[in-house]
$ cat structure_32.cif   # mmCIF, C-alpha atoms and all ligand atoms
data_coords
loop_
_atom_site.label_atom_id
_atom_site.label_comp_id
_atom_site.auth_asym_id
_atom_site.auth_seq_id
_atom_site.Cartn_x
_atom_site.Cartn_y
_atom_site.Cartn_z
CA MET A 1294 -11.80 15.50 -5.92
CA PRO A 1295 -15.26 16.49 -4.72
CA ASN A 1296 -14.06 18.44 -1.69
CA ASP A 1297 -14.35 22.18 -1.45
CA ILE A 1298 -10.88 23.21 -0.34
CA PRO A 1299 -9.78 26.44 -2.09
CA ASP A 1300 -6.95 26.00 -4.60
CA GLU A 1301 -4.77 28.58 -2.85
CA GLU A 1302 -4.89 26.57 0.36
CA VAL A 1303 -3.84 23.42 -1.45
CA ASP A 1304 -1.00 25.31 -3.14
CA ARG A 1305 0.14 26.77 0.16
CA LEU A 1306 0.41 23.39 1.90
CA TYR A 1307 1.93 21.87 -1.22
CA THR A 1308 4.73 24.46 -1.24
CA GLU A 1309 5.25 24.06 2.50
CA LEU A 1310 5.45 20.27 2.35
CA ASP A 1311 7.71 20.41 -0.68
CA ALA A 1312 10.18 22.76 1.02
CA GLU A 1313 10.14 20.72 4.22
CA ALA A 1314 10.60 17.46 2.33
CA GLU A 1315 13.54 18.70 0.28
CA ALA A 1316 15.22 20.15 3.38
CA GLY A 1317 14.98 16.77 5.10
CA GLY A 1318 16.10 14.67 2.14
CA TYR A 1319 12.58 13.56 1.19
CA HIS A 1320 10.73 14.23 -2.07
CA LEU A 1321 7.14 14.81 -3.07
CA ASN A 1322 5.79 12.86 -6.01
CA PRO A 1323 6.61 14.87 -9.19
CA ASP A 1324 3.18 14.00 -10.66
CA ARG A 1325 1.79 17.38 -9.69
CA GLU A 1326 -1.91 16.73 -10.30
CA PHE A 1327 -1.91 13.48 -8.35
CA THR A 1328 0.08 15.04 -5.52
CA ARG A 1329 -2.24 18.06 -5.33
CA GLY A 1330 -5.14 15.64 -4.92
CA LEU A 1331 -3.44 14.07 -1.92
CA VAL A 1332 -2.54 17.44 -0.41
CA CYS A 1333 -6.19 18.38 -0.77
CA GLY A 1334 -7.05 15.13 1.05
CA LEU A 1335 -4.71 16.10 3.88
CA LEU A 1336 -6.53 19.43 4.21
CA VAL A 1337 -9.93 17.73 4.19
CA ASN A 1338 -8.70 15.53 7.01
CA ARG A 1339 -7.29 18.49 8.89
CA ASP A 1340 -10.74 20.11 8.77
CA ARG A 1341 -12.44 16.87 9.77
CA TYR A 1342 -10.14 15.54 12.48
CA GLY A 1343 -7.89 18.43 13.46
CA TYR A 1344 -4.77 16.71 12.12
CA ILE A 1345 -3.50 15.67 8.72
CA ALA A 1346 -4.45 11.99 8.79
CA CYS A 1347 -3.26 9.91 5.84
CA PRO A 1348 -5.62 10.51 2.88
CA CYS A 1349 -5.46 6.83 1.86
CA ARG A 1350 -6.36 5.35 5.22
CA LEU A 1351 -9.49 5.43 7.30
CA ALA A 1352 -8.98 7.58 10.38
CA THR A 1353 -11.20 7.17 13.43
CA GLY A 1354 -10.97 10.75 14.62
CA ARG A 1355 -9.47 9.53 17.92
CA ARG A 1356 -5.99 10.99 17.87
CA GLU A 1357 -4.41 8.21 19.95
CA ASP A 1358 -5.72 5.59 17.51
CA ASP A 1359 -4.66 7.58 14.45
CA LEU A 1360 -1.22 8.70 15.67
CA ASP A 1361 0.64 6.21 13.46
CA ILE A 1362 -1.14 7.52 10.33
CA ILE A 1363 -0.73 11.25 10.86
CA CYS A 1364 1.30 12.35 7.85
CA PRO A 1365 4.18 11.54 7.66
CA CYS A 1366 3.06 8.14 8.94
CA ASP A 1367 5.16 5.56 10.80
CA TYR A 1368 5.26 3.52 7.58
CA ARG A 1369 6.62 6.09 5.14
CA ASP A 1370 10.34 5.44 5.48
CA PRO A 1371 10.25 1.62 5.23
CA ASP A 1372 7.93 1.90 2.21
CA LEU A 1373 10.20 4.46 0.52
CA ALA A 1374 13.15 2.11 1.02
CA GLU A 1375 11.31 -0.97 -0.21
CA TYR A 1376 8.99 0.36 -2.93
CA GLY A 1377 10.28 3.83 -3.77
CA ALA A 1378 7.05 5.48 -2.59
CA CYS A 1379 4.93 5.85 0.52
CA TYR A 1380 1.58 4.07 0.63
CA CYS A 1381 -0.29 7.03 -0.89
CA ALA A 1382 2.62 7.91 -3.21
CA LEU A 1383 2.71 11.44 -1.81
CA TYR A 1384 6.40 10.89 -1.08
CA VAL A 1385 8.79 9.13 -3.45
CA SER A 1386 12.47 8.18 -3.25
CA ALA A 1387 15.18 10.16 -5.06
CA ASP A 1388 15.48 7.40 -7.68
CA VAL A 1389 11.79 7.56 -8.46
CA LYS A 1390 11.77 11.33 -8.56
CA THR A 1391 14.57 11.43 -11.12
CA GLY A 1392 13.01 8.61 -13.14
CA LYS A 1393 15.81 6.10 -12.48
CA ARG A 1394 13.34 3.72 -10.94
CA GLU A 1395 9.58 3.26 -11.17
CA ALA A 1396 7.54 3.38 -8.01
CA GLU A 1397 5.95 0.02 -7.26
CA PRO A 1398 2.45 -0.42 -5.86
CA VAL A 1399 2.73 -0.35 -2.11
CA PRO A 1400 0.83 -2.97 -0.11
CA GLU A 1401 -0.62 -1.81 3.22
CA ARG A 1402 2.03 -2.18 5.92
CA ARG A 1403 -0.12 -0.88 8.76
CA PRO A 1404 -1.18 -3.89 10.82
CA PRO A 1405 -4.89 -4.72 11.06
CA ARG A 1406 -6.90 -3.36 13.98
CA PRO A 1407 -6.56 -6.24 16.50
CA GLU A 1408 -2.78 -6.38 16.00
CA ARG A 1409 -2.44 -2.62 16.40
CA LYS A 1410 -4.24 -2.79 19.69
CA LYS A 1411 -1.90 -5.53 20.95
CA MET A 1412 1.21 -3.65 19.82
CA ARG A 1413 0.05 -0.51 21.56
CA GLU A 1414 -0.52 -2.35 24.81
CA GLU A 1415 2.95 -3.90 24.59
CA ARG A 1416 4.49 -0.52 23.88
CA GLU A 1417 2.78 1.06 26.82
CA SER A 1418 4.02 -1.67 29.16
CA THR A 1419 7.66 -1.49 27.91
CA SER A 1420 7.87 2.25 28.34
CA ALA A 1421 6.98 1.70 31.97
CA ALA A 1422 9.79 -0.85 32.50
CA PRO A 1423 12.61 0.19 34.85
CA SER A 1424 16.00 0.88 33.25
CA THR A 1425 19.61 0.90 34.43
CA LEU A 1426 20.64 3.59 31.93
CA ALA A 1427 21.62 7.09 33.07
CA TYR A 1428 19.08 8.45 30.56
CA PRO A 1429 16.18 6.87 28.76
CA VAL A 1430 16.65 6.48 24.99
CA TRP A 1431 13.84 7.75 22.77
CA ARG A 1432 13.16 6.71 19.21
CA CYS A 1433 11.28 8.67 16.57
CA ARG A 1434 8.74 6.24 15.17
CA VAL A 1435 8.73 8.03 11.82
CA CYS A 1436 12.44 8.23 10.94
CA GLY A 1437 14.23 6.18 13.60
CA TYR A 1438 16.22 9.08 15.13
CA LEU A 1439 17.52 8.14 18.60
CA CYS A 1440 18.40 10.39 21.51
CA ALA A 1441 19.28 9.82 25.18
CA ARG A 1442 17.71 12.48 27.38
CA ASN A 1443 14.98 12.78 29.96
CA ALA A 1444 12.27 13.53 27.44
CA PRO A 1445 12.09 13.44 23.65
CA PRO A 1446 12.63 16.76 21.81
CA GLU A 1447 9.60 18.88 21.06
CA ILE A 1448 10.13 18.37 17.32
CA CYS A 1449 12.19 15.60 15.72
CA PRO A 1450 15.29 17.36 14.34
CA ILE A 1451 15.39 14.95 11.39
CA CYS A 1452 11.85 14.56 10.14
CA ARG A 1453 10.03 17.38 11.99
CA VAL A 1454 7.27 15.33 13.62
CA PRO A 1455 6.15 16.36 17.12
CA ARG A 1456 7.18 14.79 20.45
CA GLU A 1457 4.14 12.53 20.62
CA ARG A 1458 5.60 10.43 17.78
CA PHE A 1459 8.54 9.27 19.93
CA GLU A 1460 8.60 5.98 21.80
CA ARG A 1461 10.80 4.75 24.61
CA PHE A 1462 13.52 2.64 22.96
CA MET A 1463 15.77 1.70 25.93
CA MET B 389 -25.23 4.52 4.39
CA ASP B 390 -24.81 6.60 1.26
CA VAL B 391 -24.08 3.96 -1.33
CA VAL B 392 -23.90 5.61 -4.75
CA HIS B 393 -25.02 3.63 -7.74
CA VAL B 394 -23.36 4.19 -11.10
CA PRO B 395 -25.33 2.81 -14.06
CA GLY B 396 -23.54 0.88 -16.79
CA GLU B 397 -23.13 -2.50 -18.38
CA ASP B 398 -24.02 -5.42 -16.09
CA ARG B 399 -20.88 -7.44 -15.33
CA GLY B 400 -22.13 -8.78 -12.03
CA ARG B 401 -22.46 -7.13 -8.67
CA VAL B 402 -19.54 -4.70 -8.35
CA VAL B 403 -19.08 -2.88 -5.04
CA LEU B 404 -16.25 -0.46 -4.34
CA TYR B 405 -15.33 0.58 -0.80
CA ALA B 406 -13.31 3.76 -1.07
CA LEU B 407 -12.14 6.92 0.67
CA SER B 408 -13.04 10.29 -0.79
CA THR B 409 -9.51 11.61 -0.15
CA CYS B 410 -7.45 8.73 -1.53
CA GLY B 411 -5.63 8.94 -4.87
CA TRP B 412 -5.71 5.19 -5.59
CA CYS B 413 -9.41 5.04 -4.77
CA ALA B 414 -10.02 7.86 -7.26
CA LYS B 415 -8.08 5.98 -9.92
CA THR B 416 -10.04 2.80 -9.26
CA LYS B 417 -13.36 4.60 -9.46
CA GLN B 418 -12.24 6.29 -12.68
CA LEU B 419 -11.23 2.96 -14.18
CA LEU B 420 -14.64 1.43 -13.41
CA THR B 421 -16.30 4.49 -14.92
CA ASP B 422 -14.12 4.31 -18.04
CA LEU B 423 -14.89 0.60 -18.43
CA GLY B 424 -18.55 1.52 -18.41
CA VAL B 425 -19.58 -1.20 -15.96
CA GLU B 426 -22.42 -0.89 -13.50
CA PHE B 427 -21.13 -0.49 -9.94
CA SER B 428 -21.87 0.94 -6.53
CA TYR B 429 -19.45 2.74 -4.28
CA LEU B 430 -19.33 3.81 -0.69
CA TYR B 431 -17.05 6.53 0.67
CA VAL B 432 -16.39 4.97 4.05
CA ASP B 433 -14.76 8.15 5.39
CA ARG B 434 -18.05 9.94 4.82
CA VAL B 435 -20.49 7.58 6.51
CA ASP B 436 -22.43 8.87 9.45
CA PRO B 437 -20.42 8.43 12.70
CA ALA B 438 -23.20 6.21 14.04
CA GLU B 439 -22.60 3.80 11.15
CA PHE B 440 -18.79 3.97 11.16
CA ASP B 441 -18.17 0.67 12.97
CA GLN B 442 -20.67 -1.18 10.87
CA ALA B 443 -19.13 0.14 7.65
CA LEU B 444 -15.58 -0.68 8.71
CA GLU B 445 -16.59 -4.19 9.79
CA GLU B 446 -18.17 -4.72 6.40
CA VAL B 447 -14.87 -3.79 4.71
CA GLU B 448 -12.86 -5.96 7.10
CA ARG B 449 -15.07 -8.92 6.30
CA TRP B 450 -13.75 -8.79 2.71
CA ASN B 451 -10.33 -7.40 3.51
CA PRO B 452 -9.16 -7.99 7.10
CA ARG B 453 -6.63 -5.14 6.84
CA GLY B 454 -9.46 -2.70 6.33
CA SER B 455 -7.54 -0.89 3.60
CA PHE B 456 -8.79 0.99 0.53
CA PRO B 457 -9.78 0.68 -2.23
CA THR B 458 -11.46 -2.69 -1.66
CA LEU B 459 -13.38 -3.92 -4.67
CA VAL B 460 -15.83 -6.82 -4.27
CA ILE B 461 -17.19 -8.59 -7.32
CA ASN B 462 -20.22 -10.89 -7.02
CA ASP B 463 -19.77 -11.18 -3.27
CA GLU B 464 -16.75 -13.43 -3.72
CA HIS B 465 -13.87 -11.94 -5.70
CA VAL B 466 -11.97 -9.31 -3.72
CA ILE B 467 -9.35 -6.98 -5.21
CA VAL B 468 -7.45 -4.75 -2.79
CA GLY B 469 -5.64 -1.68 -4.09
CA PHE B 470 -5.56 -0.13 -7.55
CA GLN B 471 -4.65 -3.26 -9.51
CA GLU B 472 -5.63 -2.25 -12.98
CA ASP B 473 -4.92 -5.55 -14.74
CA ALA B 474 -6.64 -7.65 -12.09
CA ILE B 475 -9.70 -5.42 -12.21
CA ARG B 476 -9.93 -5.54 -16.00
CA GLU B 477 -9.55 -9.28 -15.99
CA ALA B 478 -12.13 -9.85 -13.26
CA LEU B 479 -14.62 -7.72 -15.16
CA HIS B 480 -13.79 -9.35 -18.50
CA ALA B 481 -12.84 -5.95 -19.86
CA LYS B 482 -9.40 -6.24 -21.39
S1 LIG C 1501 3.56 9.56 4.29
FE1 LIG C 1501 2.11 8.08 5.07
S2 LIG C 1501 0.45 9.37 5.82
FE2 LIG C 1501 1.61 10.64 4.47
S3 LIG C 1501 0.62 10.43 2.50
FE3 LIG C 1501 2.28 8.92 2.56
S4 LIG C 1501 1.30 7.05 3.28
FE4 LIG C 1501 -0.10 8.72 3.73
#

$ encode --input "structure_32.cif" --output "structure tokens"
Amino acid sequence: MPNDIPDEEVDRLYTELDAEAEAGGYHLNPDREFTRGLVCGLLVNRDRYGYIACPCRLATGRREDDLDIICPCDYRDPDLAEYGACYCALYVSADVKTGKREAEPVPERRPPRPERKKMREERESTSAAPSTLAYPVWRCRVCGYLCARNAPPEICPICRVPRERFERFM
Amino acid sequence: MDVVHVPGEDRGRVVLYALSTCGWCAKTKQLLTDLGVEFSYLYVDRVDPAEFDQALEEVERWNPRGSFPTLVINDEHVIVGFQEDAIREALHAK
């Protein structure tokens, strides 16, 4: 890829992501060359936007608009379950990794711009709704982890994404 | 906008909207190159910020999801994603 990220940097993030993925029950695509290309894309985006936006989607550079596509994106887990790979094929399911199943092409699950805007507005209005629960319930938008406490944890204990990826669930 | 033109055999007007960081876009561009057809491509993630909206709207006109790669042949046939067979067929390059 025509981006000048040093090889060592790509290898470093690759190793980091691989260790993190395996610890959490996720897997990087075993096609090493292809995967390195995507990791390089993540680093290009980190330089450009300040966060690792999905290499296969167009980021705007406005964090609040790109939050759902900061890797791992909100769409990874449903795509892994349905197609055996995430949209970019950076992550694959265990079956795909071991060759028991072939990854299928993944259609874009992220809604188009106008729909995203509407969903965000709805989300913002529900989180403001009053509740009769002793504690609010928060949901990790990446992996679905739920917890009942005053605020979401700083880091999701399951998939390691930061607090900003949680939404009010109940 | 920095549209890059790749010379080759004329199979109609072939325009590829791609991202410079995307693995499937790279594969699509490689396929077009291997097929030896004439095409143009635009890395939408690299357009000047002042032209960002215009570029994205152009992609959405062909592909309302605004996803990549989006390949447009003769201003009518749109192929979204790295669909090797569909691309070969559309370009009569089996
Ligand atoms: S997990 Fe999502 S953001 Fe990360 S590479 Fe895969 S599709 Fe892109």

$ closest_residue --input "structure_32.cif" --among "A:Trp1431, A:Tyr1376, A:Phe1459, A:Phe1327" --to "chain B" --atoms "all atoms listed in the file"
A:Phe1327

$ residues_near_point --input "structure_32.cif" --point "(4.2, 8.8, -1.8)" --cutoff "10 Å" --atoms "only C-alpha atoms" --output "ChimeraX atom specification"
/A:1320-1323,1328,1331,1365,1369,1372-1373,1376-1386,1396,1399

$ interface_residues --input "structure_32.cif" --of "chain B" --to "chain A" --cutoff "6 Å" --atoms "all atoms listed in the file" --output "list in words"
Thr409, Cys410 and Arg453 of chain B

$ atom_distance --input "structure_32.cif" --atom1 "CA of Tyr431 in chain B" --atom2 "CA of Ile1362 in chain A"
18.6 Å

$ closest_residue --input "structure_32.cif" --among "B:Gly400, B:Pro437, B:Tyr405, B:Gly469" --to "Arg449 in chain B" --atoms "all atoms listed in the file"
B:Tyr405

$ atom_distance --input "structure_32.cif" --atom1 "CA of Pro1446 in chain A" --atom2 "CA of Arg1458 in chain A"
10.3 Å

$ closest_residue --input "structure_32.cif" --among "A:Glu1302, A:Asp1311, A:Asp1297, A:Asp1361" --to "ligand LIG 1501 (chain C)" --atoms "only C-alpha atoms and all ligand atoms"
A:Asp1361

$ residues_around --input "structure_32.cif" --residues "range 471-480 of chain B" --least-positions-apart "5" --cutoff "10 Å" --atoms "all atoms listed in the file" --output "short mmCIF file (atom, residue, chain, number, x, y, z; two decimals) with C-alpha atoms, in the coordinates of the input"
data_model
loop_
_atom_site.label_atom_id
_atom_site.label_comp_id
_atom_site.auth_asym_id
_atom_site.auth_seq_id
_atom_site.Cartn_x
_atom_site.Cartn_y
_atom_site.Cartn_z
CA PRO A 1398 2.45 -0.42 -5.86
CA ASP B 398 -24.02 -5.42 -16.09
CA ARG B 399 -20.88 -7.44 -15.33
CA GLY B 400 -22.13 -8.78 -12.03
CA VAL B 402 -19.54 -4.70 -8.35
CA TRP B 412 -5.71 5.19 -5.59
CA LYS B 415 -8.08 5.98 -9.92
CA THR B 416 -10.04 2.80 -9.26
CA LEU B 419 -11.23 2.96 -14.18
CA LEU B 420 -14.64 1.43 -13.41
CA LEU B 423 -14.89 0.60 -18.43
CA VAL B 425 -19.58 -1.20 -15.96
CA PRO B 457 -9.78 0.68 -2.23
CA LEU B 459 -13.38 -3.92 -4.67
CA ILE B 461 -17.19 -8.59 -7.32
CA HIS B 465 -13.87 -11.94 -5.70
CA VAL B 466 -11.97 -9.31 -3.72
#

$ axis_aligned_box --input "structure_32.cif" --around "range 446-450 of chain B" --padding-each-side "6 Å" --output "lines of an AutoDock Vina configuration file"
center_x = -15.5
center_y = -6.4
center_z = 4.9
size_x = 17.3
size_y = 17.1
size_z = 16.4

$ atom_distance --input "structure_32.cif" --atom1 "CA of Phe1462 in chain A" --atom2 "CA of Lys1410 in chain A"
18.9 Å

$ residues_around --input "structure_32.cif" --residues "range 427-429 of chain B" --least-positions-apart "3" --cutoff "8 Å" --atoms "only C-alpha atoms" --output "ChimeraX atom specification"
/B:391-396,401-406,420

$ write_last_selection --input "structure_32.cif" --atoms "C-alpha atoms" --output "mmCIF file, in the frame of the given file"
data_model
loop_
_atom_site.group_PDB
_atom_site.id
_atom_site.type_symbol
_atom_site.label_atom_id
_atom_site.label_comp_id
_atom_site.auth_asym_id
_atom_site.auth_seq_id
_atom_site.Cartn_x
_atom_site.Cartn_y
_atom_site.Cartn_z
ATOM 1 C CA VAL B 391 -24.080 3.960 -1.330
ATOM 2 C CA VAL B 392 -23.900 5.610 -4.750
ATOM 3 C CA HIS B 393 -25.020 3.630 -7.740
ATOM 4 C CA VAL B 394 -23.360 4.190 -11.100
ATOM 5 C CA PRO B 395 -25.330 2.810 -14.060
ATOM 6 C CA GLY B 396 -23.540 0.880 -16.790
ATOM 7 C CA ARG B 401 -22.460 -7.130 -8.670
ATOM 8 C CA VAL B 402 -19.540 -4.700 -8.350
ATOM 9 C CA VAL B 403 -19.080 -2.880 -5.040
ATOM 10 C CA LEU B 404 -16.250 -0.460 -4.340
ATOM 11 C CA TYR B 405 -15.330 0.580 -0.800
ATOM 12 C CA ALA B 406 -13.310 3.760 -1.070
ATOM 13 C CA LEU B 420 -14.640 1.430 -13.410
#

$ closest_residue --input "structure_32.cif" --among "B:Leu430, B:Ser455, B:Phe440, B:Asp390" --to "ligand LIG 1501 (chain C)" --atoms "all atoms listed in the file"
B:Ser455

$ closest_residue --input "structure_32.cif" --among "A:Ala1441, A:Met1412, A:Ile1448, A:Val1454" --to "ligand LIG 1501 (chain C)" --atoms "all atoms listed in the file"
A:Val1454

$ decode --input "structure_32.cif" --residues "range 430-448 of chain B" --atoms "N, CA and C atoms" --output "PDB file, in the first residue's frame"
ATOM      1  N   LEU B 430     -10.269   7.089  -7.983  1.00  0.00           N
ATOM      2  CA  LEU B 430     -10.175   8.208  -7.058  1.00  0.00           C
ATOM      3  C   LEU B 430     -10.092   7.648  -5.640  1.00  0.00           C
ATOM      4  N   TYR B 431      -9.045   8.031  -4.901  1.00  0.00           N
ATOM      5  CA  TYR B 431      -8.968   7.667  -3.492  1.00  0.00           C
ATOM      6  C   TYR B 431      -9.745   8.729  -2.712  1.00  0.00           C
ATOM      7  N   VAL B 432     -10.960   8.374  -2.341  1.00  0.00           N
ATOM      8  CA  VAL B 432     -11.855   9.367  -1.738  1.00  0.00           C
ATOM      9  C   VAL B 432     -11.350   9.805  -0.353  1.00  0.00           C
ATOM     10  N   ASP B 433     -10.595   8.930   0.310  1.00  0.00           N
ATOM     11  CA  ASP B 433     -10.055   9.321   1.629  1.00  0.00           C
ATOM     12  C   ASP B 433      -8.915  10.324   1.482  1.00  0.00           C
ATOM     13  N   ARG B 434      -8.461  10.543   0.258  1.00  0.00           N
ATOM     14  CA  ARG B 434      -7.338  11.467   0.079  1.00  0.00           C
ATOM     15  C   ARG B 434      -7.730  12.768  -0.601  1.00  0.00           C
ATOM     16  N   VAL B 435      -9.011  12.965  -0.868  1.00  0.00           N
ATOM     17  CA  VAL B 435      -9.382  14.220  -1.531  1.00  0.00           C
ATOM     18  C   VAL B 435      -9.200  15.372  -0.544  1.00  0.00           C
ATOM     19  N   ASP B 436      -9.024  16.526  -1.092  1.00  0.00           N
ATOM     20  CA  ASP B 436      -8.873  17.731  -0.308  1.00  0.00           C
ATOM     21  C   ASP B 436     -10.116  17.915   0.579  1.00  0.00           C
ATOM     22  N   PRO B 437      -9.931  18.288   1.861  1.00  0.00           N
ATOM     23  CA  PRO B 437     -11.099  18.441   2.745  1.00  0.00           C
ATOM     24  C   PRO B 437     -12.188  19.333   2.144  1.00  0.00           C
ATOM     25  N   ALA B 438     -11.805  20.315   1.374  1.00  0.00           N
ATOM     26  CA  ALA B 438     -12.795  21.222   0.776  1.00  0.00           C
ATOM     27  C   ALA B 438     -13.679  20.490  -0.236  1.00  0.00           C
ATOM     28  N   GLU B 439     -13.173  19.367  -0.770  1.00  0.00           N
ATOM     29  CA  GLU B 439     -13.936  18.644  -1.788  1.00  0.00           C
ATOM     30  C   GLU B 439     -14.551  17.355  -1.250  1.00  0.00           C
ATOM     31  N   PHE B 440     -14.413  17.145   0.062  1.00  0.00           N
ATOM     32  CA  PHE B 440     -14.857  15.892   0.675  1.00  0.00           C
ATOM     33  C   PHE B 440     -16.343  15.629   0.426  1.00  0.00           C
ATOM     34  N   ASP B 441     -17.178  16.620   0.742  1.00  0.00           N
ATOM     35  CA  ASP B 441     -18.629  16.425   0.605  1.00  0.00           C
ATOM     36  C   ASP B 441     -19.023  16.122  -0.834  1.00  0.00           C
ATOM     37  N   GLN B 442     -18.416  16.871  -1.730  1.00  0.00           N
ATOM     38  CA  GLN B 442     -18.721  16.684  -3.145  1.00  0.00           C
ATOM     39  C   GLN B 442     -18.350  15.264  -3.595  1.00  0.00           C
ATOM     40  N   ALA B 443     -17.192  14.809  -3.152  1.00  0.00           N
ATOM     41  CA  ALA B 443     -16.732  13.469  -3.541  1.00  0.00           C
ATOM     42  C   ALA B 443     -17.642  12.392  -2.967  1.00  0.00           C
ATOM     43  N   LEU B 444     -18.008  12.545  -1.702  1.00  0.00           N
ATOM     44  CA  LEU B 444     -18.860  11.540  -1.064  1.00  0.00           C
ATOM     45  C   LEU B 444     -20.246  11.528  -1.714  1.00  0.00           C
ATOM     46  N   GLU B 445     -20.768  12.709  -2.031  1.00  0.00           N
ATOM     47  CA  GLU B 445     -22.072  12.758  -2.697  1.00  0.00           C
ATOM     48  C   GLU B 445     -22.031  12.069  -4.060  1.00  0.00           C
ATOM     49  N   GLU B 446     -20.912  12.222  -4.742  1.00  0.00           N
ATOM     50  CA  GLU B 446     -20.761  11.560  -6.036  1.00  0.00           C
ATOM     51  C   GLU B 446     -20.827  10.042  -5.869  1.00  0.00           C
ATOM     52  N   VAL B 447     -20.168   9.522  -4.830  1.00  0.00           N
ATOM     53  CA  VAL B 447     -20.207   8.081  -4.576  1.00  0.00           C
ATOM     54  C   VAL B 447     -21.626   7.658  -4.201  1.00  0.00           C
ATOM     55  N   GLU B 448     -22.267   8.441  -3.345  1.00  0.00           N
ATOM     56  CA  GLU B 448     -23.615   8.080  -2.884  1.00  0.00           C
ATOM     57  C   GLU B 448     -24.645   8.108  -4.014  1.00  0.00           C
TER      58      GLU B 448
END
